[in-house]
Each structure stands twice: as C-alpha cells, then as structure tokens.
Amino acid sequence: SGASGGGGVVATPSGHIYSREAIVQYLLTKNGEVKKQKAEYDRKRLAIEDRRVEWEEKIRQQAENLFSRKDQGAMVVRKEDLSPAKLSGGTKTDEKKKTSENSLKTTSYWLASSQPQREVKASGEFDYEKEINALPPPPPERPASPMSGNPLKLKQLIPLKLVREEEDDKKARGADPGRVLCSVSGKVITTQAVVAIRSSGQVMLKSVYDELAKPTMTCPVTGKKFKEKDVVELQKSSSGFAASGQVIATKYNPTLT
C-alpha cells in the first residue's frame with residue numbers, strides 16, 4: 001500500500017476531518033471576525049461606563065452645590081431638594097407627600113440612603129443595569145469548530161498520515177486518489193469505526209486498535225508509546241468514511257458562512 005500525508009488532511013479534537021488548507025483559512029477568517037466583534041463590544045461597554053461616571057459626577061456636583069448654598073445661609077435644604085428628579089433639573093414630584101426622615105438623613109448626603117448610585121438608578125435618566133443588559137452577549141474567545149461548535153485553535157488540529165490504495169491502481173482510477181486503508185491491517189476503510197493516534201497521526205480501524213495498540217499503548221506503525229488522551233475517534237460522513245475514495249477531507253469555504 002502507498003503511504004502519504006493525505007494531501008494535507010487534519011482532524012479536530014472532536015474527530016471531524018478537514019482539508020488543512022480549508023480549515024486553516026476558516027480559522028484565520030473567523031479569528032479576524034472575533035477580534036472585530038470583541039473590539040466593538042468593548043467600545044460599547046466602555047461608552048456605558050463613561051456615561052455612568054459622567055452622570056454620577058453630575059449628581060455629586062449638584063448635591064455639593066446645594067449644601068454649599070445652605071452653608072452660606074442662602075437656603076435651607078429640604079429632603080425633596082436632594083431627590084434625583086430635583087438634582088437633575090426635573091420637576092417636583094410627590095415626594096412632598098412622603099413623611100420626612102430624620103434631619104441627619106436629610107442633610108448627610110454621604111449616607112447610604114443618599115448615595116449617587118441610588119439616585120442614578122432612581123432618576124430614570126441613566127439605568128446602568130438596563131444598559132448593560134441591553135448589550136449583545138460578549139463574543140467568544142475563539143472561533144467555533146464548523147461541525148462540533150466547540151472552540152478551536154490552530155494548534156489543536158491533528159495532522160493525519162493517510163495510507164491509500166496501491167500507486168499501481170492510479171491509472172484505472174484517474175484523478176481518484178484511492179480509498180483510505182487502515183495503516184495497520186491494510187483493509188479499506190468505509191463505514192467501520194476508525195481512530196487516529198494524535199502523537200503519530202496514524203489512522204486505523206478501531207477493532208485493530210483495540211486488539212493491537214490499546215493493550216500496550218504502543219502505536220503498531222511507529223512503535224511509539226501514546227496515552228489514552230492521544231486517541232481520537234474519527235467521525236464518518238453519512239455515506240461512510242470515504243465512500244467513493246475521492247474526498248476524505250471536508251472542504252469548508254469561509255465565504256459561505
């Protein structure tokens with residue numbers, strides 16, 4: 001049988017198979033989109049924070065002005081004068097009808113009951129929580145794998161070393177690269193369960209893996225030891241692993257997303 005690099009074929013951690021060129025192009029395109037989305041999200045979030053700071057500063061300054069005027073004997077500060085509506089230039093509300101609290105709360109704007117945060121929220125002019133909740137969800141840290149939807153990095157791609165049918169059969173097949181074979185038994189892979197060993201890139205029937213590789217955790221092709229986490233079960237298409245022998249690698253065109 002003829003061994004080859006599989007024409008640049010890789011698998012994702014979920015076991016889906018792609019042309020390396022196609023999945024790399026996809027990830028580069030999606031990474032660019034994620035960066036733009038994150039920059040836009042950060043810009044909107046920062047704008048809300050800036051408005052919050054400006055509004056709270058406005059409330060604080062207006063409260064200080066009222067107390068400054070009181071200290072100068074220009075006026076007597078009443079509870080309703082410290083209401084958010086009054087401080088933000090609004091009209092008098094029904095607060096006059098409310099029972100007055102003690103004089104300490106009335107004049108001590110540094111107390112919790114008179115903090116700007118409470119005033120900002122009550123004023124209706126700036127609702128921080130409402131504005132934050134109105135933001136779209138933050139973008140993901142990494143693009144999603146096209147098939148599994150799991151976050152995917154370039155370095156997580158697993159190069160596969162495919163073994164195909166004899167080179168001598170190429171004339172009869174024409175452009176067909178030949179069906180993929182189990183790298184250990186040489187059997188044609190169609191609809192059987194298949195695994196790949198991440199550390200060596202070898203692809204073999206799961207039945208062969210269970211019998212010849214798993215007992216010693218040694219790759220039958222390379223003789224190298226591997227761990228359980230290095231074994232990836234490859235996903236089959238609806239028509240089998242490589243039904244026609246034509247394409248094992250799923251092509252993914254970023255322009256179609």
# chains A, B, ... in the order shown; residues from 1 in each chain; ligands from 1
>>> residues_around(residues="Leu27 in chain A", least_positions_apart="5", cutoff="10 Å", atoms="only C-alpha atoms", output="list in words")
Ala22, Gly32, Glu33, Arg142, Pro143, Ala144, Ser145, Pro146, Leu152, Lys153, Leu154 and Pro254 of chain A
>>> residues_around(residues="Ala11 in chain A", least_positions_apart="2", cutoff="12 Å", atoms="only C-alpha atoms", output="number ranges by chain")
A: 6, 8-9, 13-20, 22-24, 145, 147-148, 152, 154-162, 195-198, 201-203, 231-236, 248-250
>>> atom_distance(atom1="CA of Leu212 in chain A", atom2="CA of Gln192 in chain A")
16.6 Å
